[in-house]
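Just input-v2.cif here, mmCIF, C-alpha atoms:
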data_run
#
loop_
_atom_site.label_atom_id
_atom_site.label_comp_id
_atom_site.auth_asym_id
_atom_site.auth_seq_id
_atom_site.Cartn_x
_atom_site.Cartn_y
_atom_site.Cartn_z
CA MET A 18 -13.98 -60.41 -44.72
CA THR A 19 -14.53 -58.74 -41.33
CA PRO A 20 -12.92 -55.29 -41.14
CA ASP A 21 -10.85 -54.49 -38.07
CA LEU A 22 -13.20 -51.98 -36.44
CA PRO A 23 -11.75 -49.89 -33.63
CA ASP A 24 -12.94 -50.05 -30.03
CA VAL A 25 -14.14 -46.47 -29.92
CA THR A 26 -14.73 -46.52 -26.15
CA GLU A 27 -11.05 -47.23 -25.48
CA LEU A 28 -9.93 -44.68 -28.06
CA ALA A 29 -12.11 -42.07 -26.39
CA ILE A 30 -10.45 -42.42 -22.96
CA PRO A 31 -8.09 -39.42 -23.38
CA GLY A 32 -11.10 -37.34 -24.46
CA PHE A 33 -13.10 -38.53 -21.44
CA VAL A 34 -10.30 -37.49 -19.08
CA ALA A 35 -9.85 -34.10 -20.77
CA LEU A 36 -13.59 -33.34 -20.64
CA VAL A 37 -13.90 -34.39 -16.97
CA LEU A 38 -11.04 -31.99 -16.15
CA LEU A 39 -12.72 -29.24 -18.18
CA GLU A 40 -16.01 -29.85 -16.37
CA LEU A 41 -14.24 -29.74 -12.99
CA ALA A 42 -12.80 -26.35 -13.93
CA LEU A 43 -16.18 -25.05 -15.13
CA VAL A 44 -17.98 -26.32 -12.01
CA ARG A 45 -15.46 -24.40 -9.92
CA ARG A 46 -15.81 -21.30 -12.05
CA THR A 47 -19.60 -21.23 -12.50
CA GLY A 48 -20.80 -22.92 -9.31
CA ARG A 49 -23.13 -25.11 -11.39
CA GLY A 50 -22.88 -28.86 -10.96
CA ARG A 51 -21.20 -30.83 -8.18
CA TYR A 52 -18.15 -33.03 -7.78
CA GLU A 53 -17.02 -35.01 -4.74
CA THR A 54 -13.57 -36.56 -4.86
CA ARG A 55 -14.44 -40.00 -3.44
CA ASP A 56 -17.55 -40.20 -5.56
CA ALA A 57 -15.56 -39.35 -8.70
CA LEU A 58 -12.85 -41.85 -7.76
CA THR A 59 -15.50 -44.55 -7.34
CA SER A 60 -17.06 -43.70 -10.71
CA LEU A 61 -13.68 -43.82 -12.46
CA ALA A 62 -12.73 -47.07 -10.71
CA MET A 63 -16.03 -48.57 -11.84
CA GLY A 64 -15.25 -47.42 -15.38
CA ALA A 65 -11.80 -49.00 -15.25
CA GLY A 66 -13.29 -52.22 -13.91
CA SER A 67 -15.87 -52.23 -16.67
CA ILE A 68 -13.14 -51.96 -19.30
CA ALA A 69 -11.31 -54.85 -17.63
CA GLU A 70 -14.50 -56.92 -17.60
CA GLY A 71 -14.94 -56.24 -21.31
CA VAL A 72 -11.37 -57.27 -22.09
CA LEU A 73 -11.57 -60.42 -19.96
CA LEU A 74 -15.13 -61.61 -20.60
CA GLY A 75 -16.34 -59.78 -23.69
CA PHE A 76 -15.30 -62.70 -25.86
CA LEU A 77 -18.01 -64.87 -24.24
CA SER A 78 -20.96 -62.82 -25.45
CA TYR A 79 -19.18 -62.11 -28.74
CA SER A 80 -18.61 -65.84 -29.34
CA VAL A 81 -22.30 -66.62 -28.77
CA LEU A 82 -23.34 -63.83 -31.15
CA MET A 83 -20.87 -65.15 -33.76
CA VAL A 84 -22.43 -68.62 -33.51
CA VAL A 85 -25.87 -67.07 -34.06
CA HIS A 86 -24.47 -65.04 -36.97
CA ARG A 87 -22.93 -68.10 -38.67
CA HIS A 88 -25.85 -70.47 -38.24
CA PHE A 89 -29.03 -68.42 -37.94
CA ALA A 90 -28.52 -65.11 -39.78
CA LEU A 91 -31.16 -64.62 -42.46
CA TRP A 92 -28.87 -62.40 -44.54
CA GLN A 93 -25.21 -61.31 -44.55
CA LEU A 94 -25.58 -57.55 -44.70
CA GLY A 95 -21.87 -56.78 -44.82
CA PHE A 96 -20.13 -53.53 -43.88
CA THR A 97 -21.29 -50.93 -46.39
CA LEU A 98 -22.11 -47.37 -45.30
CA PRO A 99 -25.91 -47.76 -45.62
CA VAL A 100 -25.72 -50.88 -43.44
CA PHE A 101 -23.73 -48.92 -40.83
CA VAL A 102 -26.35 -46.14 -40.85
CA ILE A 103 -29.35 -48.49 -40.64
CA GLY A 104 -27.45 -50.60 -38.12
CA PHE A 105 -26.84 -47.54 -35.93
CA LEU A 106 -30.55 -46.66 -35.90
CA LEU A 107 -31.64 -50.21 -35.15
CA ASP A 108 -28.92 -50.66 -32.54
CA ASP A 109 -30.12 -47.45 -30.87
CA LEU A 110 -33.61 -49.00 -30.78
CA ARG A 111 -32.01 -52.15 -29.36
CA PHE A 112 -30.30 -50.01 -26.71
CA TYR A 113 -33.64 -48.41 -25.80
CA TRP A 114 -35.27 -51.79 -25.12
CA TYR A 115 -32.22 -53.20 -23.35
CA HIS A 116 -32.08 -50.08 -21.17
CA ARG A 117 -35.80 -50.14 -20.45
CA LEU A 118 -35.61 -53.80 -19.44
CA ALA A 119 -32.57 -52.97 -17.30
CA HIS A 120 -34.79 -50.62 -15.28
CA GLU A 121 -37.93 -52.73 -15.25
CA ARG A 122 -36.50 -56.21 -14.55
CA ARG A 123 -34.40 -56.72 -11.43
CA TRP A 124 -32.01 -59.27 -12.99
CA LEU A 125 -30.77 -56.69 -15.48
CA TRP A 126 -31.17 -53.86 -12.95
CA ALA A 127 -28.67 -55.64 -10.69
CA ALA A 128 -26.02 -54.99 -13.34
CA HIS A 129 -27.25 -51.54 -14.40
CA VAL A 130 -27.93 -50.10 -10.93
CA ILE A 131 -24.20 -49.36 -10.68
CA HIS A 132 -24.56 -46.58 -13.25
CA HIS A 133 -27.23 -44.91 -11.10
CA SER A 134 -25.54 -45.39 -7.73
CA SER A 135 -23.99 -41.92 -7.53
CA GLN A 136 -25.87 -39.00 -6.00
CA HIS A 137 -23.90 -36.77 -8.35
CA TYR A 138 -24.51 -36.09 -12.00
CA ASN A 139 -21.38 -35.16 -13.83
CA LEU A 140 -19.16 -36.53 -16.57
CA SER A 141 -17.46 -38.93 -14.16
CA THR A 142 -20.89 -40.48 -13.50
CA ALA A 143 -21.02 -41.45 -17.18
CA LEU A 144 -18.01 -43.68 -16.60
CA ARG A 145 -19.57 -45.49 -13.61
CA GLN A 146 -20.32 -48.67 -15.54
CA THR A 147 -21.22 -52.23 -14.66
CA TRP A 148 -18.80 -55.08 -14.01
CA THR A 149 -21.44 -57.78 -14.44
CA GLY A 150 -22.92 -57.03 -17.86
CA THR A 151 -21.77 -60.28 -19.43
CA PHE A 152 -23.21 -62.30 -16.54
CA ALA A 153 -26.57 -60.46 -16.62
CA LEU A 154 -27.08 -61.48 -20.28
CA GLY A 155 -28.45 -58.12 -21.40
CA TRP A 156 -26.37 -58.55 -24.55
CA LEU A 157 -28.89 -61.17 -25.70
CA VAL A 158 -31.10 -58.26 -26.79
CA ARG A 159 -28.67 -57.98 -29.74
CA VAL A 160 -29.64 -61.43 -31.06
CA PRO A 161 -32.52 -60.20 -33.31
CA LEU A 162 -30.13 -57.80 -35.09
CA VAL A 163 -27.63 -60.62 -35.60
CA ILE A 164 -30.39 -62.83 -37.02
CA LEU A 165 -31.30 -59.98 -39.37
CA GLY A 166 -27.75 -60.15 -40.70
CA PHE A 167 -25.80 -57.44 -38.87
CA HIS A 168 -22.32 -58.69 -38.05
CA PRO A 169 -21.54 -58.81 -34.29
CA ALA A 170 -18.35 -56.80 -34.89
CA MET A 171 -20.43 -54.01 -36.37
CA LEU A 172 -22.87 -54.13 -33.44
CA VAL A 173 -20.02 -53.92 -30.90
CA PHE A 174 -18.59 -50.97 -32.83
CA LEU A 175 -21.98 -49.21 -33.03
CA ASP A 176 -22.62 -49.81 -29.33
CA GLY A 177 -19.26 -48.14 -28.63
CA VAL A 178 -20.26 -45.14 -30.73
CA ASN A 179 -23.56 -44.96 -28.84
CA LEU A 180 -21.81 -45.11 -25.45
CA VAL A 181 -19.34 -42.40 -26.47
CA TYR A 182 -22.29 -40.22 -27.55
CA GLN A 183 -23.93 -40.72 -24.16
CA PHE A 184 -20.86 -39.49 -22.28
CA TRP A 185 -21.49 -35.78 -22.83
CA VAL A 186 -25.13 -35.85 -21.69
CA HIS A 187 -24.04 -36.55 -18.09
CA THR A 188 -23.67 -32.95 -17.02
CA GLU A 189 -25.55 -30.21 -15.19
CA LEU A 190 -23.56 -27.52 -16.99
CA ILE A 191 -25.62 -27.66 -20.17
CA GLY A 192 -29.22 -26.47 -19.92
CA ARG A 193 -31.78 -27.00 -22.63
CA LEU A 194 -30.68 -27.11 -26.27
CA PRO A 195 -32.63 -25.79 -29.28
CA ARG A 196 -36.04 -27.42 -29.62
CA PRO A 197 -35.29 -29.61 -32.70
CA VAL A 198 -32.26 -31.06 -30.92
CA GLU A 199 -34.26 -31.75 -27.76
CA TRP A 200 -37.01 -33.34 -29.84
CA LEU A 201 -34.72 -35.74 -31.69
CA PHE A 202 -31.70 -36.47 -29.50
CA ASN A 203 -30.96 -37.64 -25.99
CA THR A 204 -29.64 -34.47 -24.33
CA PRO A 205 -28.32 -33.47 -20.90
CA SER A 206 -31.82 -32.27 -19.98
CA HIS A 207 -33.48 -35.58 -20.93
CA HIS A 208 -30.80 -37.66 -19.29
CA ARG A 209 -30.89 -35.67 -16.04
CA VAL A 210 -34.49 -36.82 -15.76
CA HIS A 211 -33.36 -40.39 -16.41
CA HIS A 212 -30.87 -40.21 -13.51
CA ALA A 213 -33.27 -38.47 -11.12
CA ARG A 214 -34.80 -40.33 -8.19
CA ASN A 215 -37.72 -37.94 -7.78
CA VAL A 216 -40.81 -40.15 -8.02
CA ARG A 217 -42.22 -38.14 -10.91
CA TYR A 218 -39.06 -38.75 -12.96
CA LEU A 219 -38.50 -42.46 -12.24
CA ASP A 220 -38.16 -44.93 -15.12
CA ALA A 221 -38.12 -42.48 -18.02
CA ASN A 222 -35.97 -41.38 -20.96
CA TYR A 223 -34.17 -44.60 -21.79
CA GLY A 224 -32.93 -43.47 -25.22
CA GLY A 225 -29.21 -43.71 -26.00
CA THR A 226 -28.56 -41.35 -28.89
CA LEU A 227 -32.14 -40.68 -30.02
CA ILE A 228 -34.96 -39.73 -27.65
CA ILE A 229 -37.62 -40.47 -30.25
CA TRP A 230 -37.91 -44.06 -28.97
CA ASP A 231 -39.15 -42.72 -25.62
CA ARG A 232 -41.63 -40.47 -27.38
CA LEU A 233 -42.76 -43.44 -29.47
CA PHE A 234 -43.08 -45.96 -26.64
CA GLY A 235 -44.52 -43.63 -23.98
CA SER A 236 -41.56 -43.37 -21.61
CA PHE A 237 -40.62 -39.74 -22.28
CA ILE A 238 -40.77 -37.27 -19.39
CA PRO A 239 -39.48 -33.72 -19.95
CA GLU A 240 -37.37 -31.97 -17.33
CA GLY A 241 -39.76 -29.78 -15.37
CA ASP A 242 -39.54 -27.20 -12.62
CA GLU A 243 -38.87 -29.84 -9.96
CA ALA A 244 -35.10 -30.03 -9.57
CA CYS A 245 -33.59 -33.46 -10.15
CA ARG A 246 -32.28 -35.36 -7.13
CA TYR A 247 -29.82 -37.96 -8.35
CA GLY A 248 -29.10 -41.48 -7.20
CA LEU A 249 -31.29 -44.38 -6.12
CA VAL A 250 -34.60 -44.61 -4.28
CA LYS A 251 -32.50 -46.28 -1.56
CA ASN A 252 -29.03 -44.83 -1.91
CA VAL A 253 -25.89 -46.84 -1.31
CA ALA A 254 -23.80 -45.79 1.67
CA THR A 255 -20.44 -46.87 0.31
CA PHE A 256 -17.68 -45.73 -2.00
CA ASN A 257 -16.37 -49.30 -2.20
CA PRO A 258 -16.46 -50.23 -5.92
CA VAL A 259 -16.73 -53.97 -5.24
CA ARG A 260 -19.72 -53.45 -2.95
CA ILE A 261 -21.37 -51.17 -5.47
CA ALA A 262 -20.76 -53.66 -8.29
CA LEU A 263 -22.27 -56.56 -6.39
CA HIS A 264 -24.74 -55.14 -3.86
CA GLU A 265 -27.91 -55.77 -5.86
CA TRP A 266 -26.81 -59.29 -6.79
CA ALA A 267 -26.24 -59.96 -3.09
CA ALA A 268 -29.68 -58.55 -2.32
CA ILE A 269 -31.27 -60.83 -4.94
CA ALA A 270 -29.46 -63.81 -3.42
CA ARG A 271 -30.75 -62.88 0.05
CA ASP A 272 -34.29 -62.40 -1.21
CA ILE A 273 -34.64 -65.59 -3.23
CA THR A 274 -33.28 -67.71 -0.37
CA MET A 275 -35.69 -66.31 2.21
CA PRO A 276 -37.55 -69.17 3.91
CA GLY A 277 -41.24 -69.64 3.30
CA LEU A 278 -41.52 -68.19 -0.21
CA THR A 279 -43.28 -69.84 -3.12
CA TRP A 280 -41.25 -70.50 -6.27
CA GLY A 281 -43.25 -67.80 -8.02
CA GLN A 282 -42.26 -65.27 -5.35
CA ARG A 283 -38.59 -66.28 -5.65
CA LEU A 284 -38.80 -65.83 -9.41
CA ARG A 285 -40.38 -62.39 -9.02
CA TYR A 286 -37.63 -61.33 -6.60
CA ALA A 287 -35.09 -62.16 -9.32
CA THR A 288 -36.90 -61.03 -12.45
CA GLY A 289 -39.81 -58.85 -11.34
CA PRO A 290 -39.68 -55.08 -11.18
CA PRO A 291 -37.13 -53.56 -8.77
CA GLY A 292 -38.89 -52.88 -5.48
CA TYR A 293 -41.09 -55.99 -5.69
CA SER A 294 -41.72 -57.64 -2.33
CA HIS A 295 -44.02 -60.50 -1.40
CA ASP A 296 -45.10 -58.76 1.82
CA GLY A 297 -45.48 -55.15 0.69
CA SER A 298 -42.40 -54.04 2.62
CA ARG A 299 -40.89 -52.33 -0.44
CA MET A 300 -42.32 -50.38 -3.32
CA THR A 301 -41.98 -50.61 -7.09
CA THR A 302 -41.97 -47.48 -9.23
CA ALA A 303 -45.70 -47.92 -9.92
CA GLN A 304 -46.43 -48.20 -6.20
CA LEU A 305 -44.24 -45.17 -5.40
CA ARG A 306 -46.16 -43.19 -8.03
CA ASP A 307 -49.50 -44.30 -6.54
CA ALA A 308 -48.35 -43.30 -3.04
CA ALA A 309 -47.16 -39.90 -4.29
CA ALA A 310 -50.47 -39.37 -6.10
CA SER A 311 -52.40 -40.23 -2.91
CA ARG A 312 -50.31 -37.71 -0.97
CA GLU A 313 -51.00 -35.04 -3.58
CA ASP A 314 -54.73 -35.85 -3.55
CA SER A 315 -54.93 -35.59 0.23
CA ALA A 316 -52.95 -32.35 0.14
CA ILE A 317 -55.38 -30.95 -2.42
CA ASN A 318 -58.36 -32.09 -0.30
CA THR A 319 -56.83 -30.43 2.75
CA ASP A 320 -56.39 -27.20 0.80
CA VAL A 321 -60.03 -27.34 -0.34
CA LEU A 322 -61.18 -27.84 3.27
CA HIS A 323 -59.10 -24.85 4.38
CA GLU A 324 -60.64 -22.74 1.63
CA VAL A 325 -64.15 -23.78 2.68
CA MET B 8 -14.03 -58.11 -31.89
CA GLY B 9 -12.83 -54.57 -32.30
CA ALA B 10 -9.13 -53.81 -32.14
CA THR B 11 -8.10 -52.75 -28.66
CA LEU B 12 -5.29 -50.56 -27.46
CA ASP B 13 -2.03 -52.10 -26.35
CA PRO B 14 -2.68 -53.30 -22.76
CA THR B 15 0.24 -51.29 -21.39
CA LEU B 16 -0.99 -48.12 -23.05
CA LEU B 17 -4.56 -48.81 -21.95
CA THR B 18 -3.45 -49.33 -18.34
CA ALA B 19 -1.36 -46.17 -18.43
CA LEU B 20 -4.23 -44.12 -19.90
CA VAL B 21 -6.76 -45.37 -17.36
CA GLY B 22 -4.41 -45.22 -14.36
CA GLY B 23 -3.02 -41.83 -15.32
CA GLY B 24 -6.44 -40.41 -16.08
CA VAL B 25 -7.98 -41.59 -12.81
CA SER B 26 -5.02 -40.29 -10.78
CA LEU B 27 -5.08 -36.91 -12.51
CA VAL B 28 -8.82 -36.36 -12.05
CA VAL B 29 -8.80 -37.47 -8.42
CA ALA B 30 -5.75 -35.34 -7.56
CA ILE B 31 -7.23 -32.23 -9.15
CA ALA B 32 -10.65 -32.82 -7.58
CA HIS B 33 -9.03 -33.13 -4.15
CA LEU B 34 -6.70 -30.17 -4.58
CA THR B 35 -9.57 -27.93 -5.71
CA GLY B 36 -11.56 -28.60 -2.55
CA HIS B 37 -14.04 -31.26 -3.67
CA THR B 38 -13.29 -33.64 -0.78
CA THR B 39 -16.07 -32.58 1.56
CA THR B 40 -18.34 -33.98 4.25
CA ALA B 41 -21.91 -32.79 4.55
CA THR B 42 -23.06 -31.41 7.90
CA ILE B 43 -26.50 -30.81 9.37
CA ASP B 44 -27.38 -27.25 10.41
CA ASP B 45 -30.23 -28.09 12.76
CA GLU B 46 -33.06 -30.49 13.58
CA ALA B 47 -35.33 -28.94 10.98
CA GLN B 48 -32.81 -29.72 8.26
CA ALA B 49 -32.48 -33.28 9.54
CA ARG B 50 -36.25 -33.69 9.33
CA ALA B 51 -36.32 -32.23 5.84
CA LEU B 52 -33.50 -34.45 4.58
CA TYR B 53 -35.11 -37.58 6.02
CA ALA B 54 -38.51 -36.59 4.62
CA VAL B 55 -37.10 -36.72 1.10
CA ASP B 56 -36.86 -40.50 1.42
CA ALA B 57 -39.65 -41.09 3.94
CA PRO B 58 -42.30 -38.45 3.24
CA ASP B 59 -45.04 -40.23 5.19
CA ALA B 60 -43.07 -40.73 8.40
CA GLN B 61 -44.29 -38.90 11.52
CA ILE B 62 -41.19 -37.75 13.39
CA THR B 63 -41.51 -37.35 17.16
CA ALA B 64 -37.92 -36.54 18.13
CA VAL B 65 -34.59 -35.74 16.48
CA ALA B 66 -31.03 -36.12 17.79
CA VAL B 67 -28.21 -34.65 15.74
CA SER B 68 -24.75 -36.13 16.38
CA PRO B 69 -22.14 -33.85 18.03
CA GLU B 70 -20.04 -33.58 14.83
CA ARG B 71 -23.29 -32.85 12.91
CA THR B 72 -22.70 -35.49 10.24
CA ALA B 73 -25.56 -37.77 11.31
CA ALA B 74 -28.93 -37.74 13.01
CA VAL B 75 -31.38 -40.21 14.53
CA LEU B 76 -35.09 -39.53 14.13
CA ALA B 77 -37.72 -41.25 16.27
CA ARG B 78 -40.74 -42.26 14.20
CA ALA B 79 -44.28 -42.51 15.51
CA ASP B 80 -44.42 -46.14 14.31
CA GLY B 81 -41.67 -47.07 16.78
CA ARG B 82 -38.90 -47.40 14.24
CA LEU B 83 -35.92 -45.09 13.91
CA GLY B 84 -34.92 -42.99 10.96
CA VAL B 85 -31.20 -42.61 10.46
CA LEU B 86 -29.54 -39.93 8.39
CA PHE B 87 -25.80 -39.79 7.78
CA SER B 88 -23.37 -38.04 5.49
CA HIS B 89 -21.86 -39.83 2.52
CA GLY B 90 -19.26 -37.47 1.20
CA ASP B 91 -21.13 -34.26 0.43
CA ALA B 92 -24.43 -36.14 0.11
CA TRP B 93 -26.81 -37.92 2.49
CA VAL B 94 -28.01 -41.45 2.99
CA THR B 95 -31.10 -42.40 4.98
CA ARG B 96 -32.11 -45.69 6.52
CA THR B 97 -35.08 -46.80 8.59
CA VAL B 98 -34.22 -49.34 11.26
CA THR B 99 -35.89 -51.08 14.19
CA ARG B 100 -34.95 -50.58 17.83
CA ALA B 101 -32.75 -53.66 17.45
CA ALA B 102 -30.19 -51.37 15.83
CA VAL B 103 -29.72 -49.53 19.14
CA ARG B 104 -26.47 -50.63 20.83
CA GLY B 105 -26.25 -48.93 24.21
CA ASN B 106 -25.87 -45.24 23.45
CA PHE B 107 -25.52 -45.70 19.70
CA VAL B 108 -27.59 -46.60 16.69
CA GLN B 109 -25.56 -48.87 14.46
CA VAL B 110 -26.08 -49.04 10.70
CA GLY B 111 -24.14 -51.15 8.20
CA THR B 112 -22.72 -49.26 5.22
CA GLY B 113 -20.27 -51.66 3.59
CA ASP B 114 -17.94 -48.72 2.97
CA LEU B 115 -14.18 -49.04 2.81
CA GLY B 116 -12.76 -48.63 6.31
CA VAL B 117 -16.15 -47.74 7.83
CA SER B 118 -18.33 -50.77 7.31
CA THR B 119 -20.71 -49.60 10.03
CA ARG B 120 -21.73 -46.15 11.21
CA GLN B 121 -22.40 -45.65 14.90
CA ILE B 122 -24.54 -42.62 15.55
CA PRO B 123 -24.53 -41.51 19.19
CA LEU B 124 -27.75 -40.90 21.03
CA PRO B 125 -27.85 -38.01 23.51
CA ALA B 126 -27.97 -38.84 27.20
CA ASP B 127 -31.45 -37.36 27.52
CA TRP B 128 -32.78 -39.28 24.46
CA SER B 129 -36.25 -40.22 25.58
CA ALA B 130 -37.63 -41.59 22.32
CA GLY B 131 -35.54 -44.76 22.67
#

Let me see whether you can do it: turn the structure in this file into structure tokens.
Amino acid sequence: MTPDLPDVTELAIPGFVALVLLELALVRRTGRGRYETRDALTSLAMGAGSIAEGVLLGFLSYSVLMVVHRHFALWQLGFTLPVFVIGFLLDDLRFYWYHRLAHERRWLWAAHVIHHSSQHYNLSTALRQTWTGTFALGWLVRVPLVILGFHPAMLVFLDGVNLVYQFWVHTELIGRLPRPVEWLFNTPSHHRVHHARNVRYLDANYGGTLIIWDRLFGSFIPEGDEACRYGLVKNVATFNPVRIALHEWAAIARDITMPGLTWGQRLRYATGPPGYSHDGSRMTTAQLRDAAASREDSAINTDVLHEV
Amino acid sequence: MGATLDPTLLTALVGGGVSLVVAIAHLTGHTTTATIDDEAQARALYAVDAPDAQITAVAVSPERTAAVLARADGRLGVLFSHGDAWVTRTVTRAAVRGNFVQVGTGDLGVSTRQIPLPADWSAG
């Protein structure tokens, strides 16, 4: 029998509100961190819309996962405590790969970009969530866990726990934590890097609860002396939640319908890395890094010439 | 699927929470618009997004919330406030409409920003 697991994200809403208010008070008192009213309103509206999307459309992805569970699951692992613990670890690994793909593949990025569209980094930013997650199909990354025998209800519950964990890391008020914590867990320091648009910090620290996945798969970048600048490589100029929710989808539609492209180019505009362009008019993260490295090299060469 | 809150309670929690946070943020002075101190700051802000651009001229708008930067490659850099933050765009001369540079934003109520060019703007 399937236990009636709570939706922890919804239950956490009063806590989210209380902690945002506490952070607002601490920002005012300490001068650390930033809030802007319209930005916070947009983030909260995006969060409300995301909850609505989950209520209205969540059954679609859940139904597909239930079909997979009934017909293709290798085992029925049930709902015992060890299964919850192992499930949490594996679902955190699942989150890492989903999240990494959401930054490296434009189709998933179009849904996830919403979360990175604020130039602020505070607890309200944590609530700036997508409205198009069901449509983007990122939830398919859960299929292997369902085939292994984890019940979809457990995975939805564990994902909620993971999202609630990630709420508190969206703050500039907390510096670095003790070394063992920073080594094992996703922390405010690690996640600031994830939200930064400085070229050196792009596409890093995808971990949800644990940061060890980034250390394991080579995507970990520690927070250095360079202060994080938050937002997107090309920032949005709007507080309109509908525009923010849909702007990258609209951009994909514009790109893939450009005249004169090959089918391969159209496919890469939809599923290639963000920043891909057939004519070199935009830059991917790898290209931005190369350009920054070239600038640094030429700056070093100039310094050497001055010294000579 | 997991049990959800009663829809009325959920709506009240979300609506009440959003209203409370926004009201307190506004009343504690967090509704702000960024302004540019001088041309050097405009250049520095634009350089964050376009570090390789050679800037030949800068015009800061009278209310100091936007600037137009002439680039050596013939295009124009545009910098404008977005709340207390900044947004940059690089546009062609086709964006010049008389004495303004016009940039689409898609924002509520201000779907385009028109940044005035000074009368003596020679880079255009």

Original post:
What residues in chain A have any atom no more than 8 Å from chain B when counting all atoms listed in the file, and can you write them as a ChimeraX atom specification?
Top reply: /A:21-24,27-28,30-31,34,37-38,41,52-58,61-62,65,76,79,136,169-170,173-174,250-257,260

**OP:** Rank nothing, just name the residue among A:Pro205, A:Gly289, A:Gly224, A:Gly95 nearest to A:Gly166, using all atoms listed in the file.
**Re:**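 Smallest separation from A:Gly166 among the options: A:Gly95.
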
**OP:** Using atom CA of B:Thr72 and atom CA of B:Thr42 as the two end points, give the distance in Å to one decimal.
**Re:** 4.7 Å

**OP:** Enter the distance from atom CA of A:Ile164 to atom CA of A:Phe89, in Å, rounded to one decimal.
**Re:**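 For atom CA of A:Ile164 relative to atom CA of A:Phe89, the distance reads 5.8 Å.
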
Original post:
Between atom CA of B:Pro123 and atom CA of A:Arg246, what is the distance, to one decimal in Å?
Top reply: 28.1 Å

Original post:
Which residues fall under the PyMOL selection byres ((chain A and resi 294) around 12) in this file, as a count of residues only?
Top reply: 27

Subject >> A:Val186 environment, 8 Å, all atoms listed in the file, sequence neighbours closer than 6 positions dropped, as JSON, numbers by chain >> reply: {"A": [140, 203, 204, 205, 206, 208]}
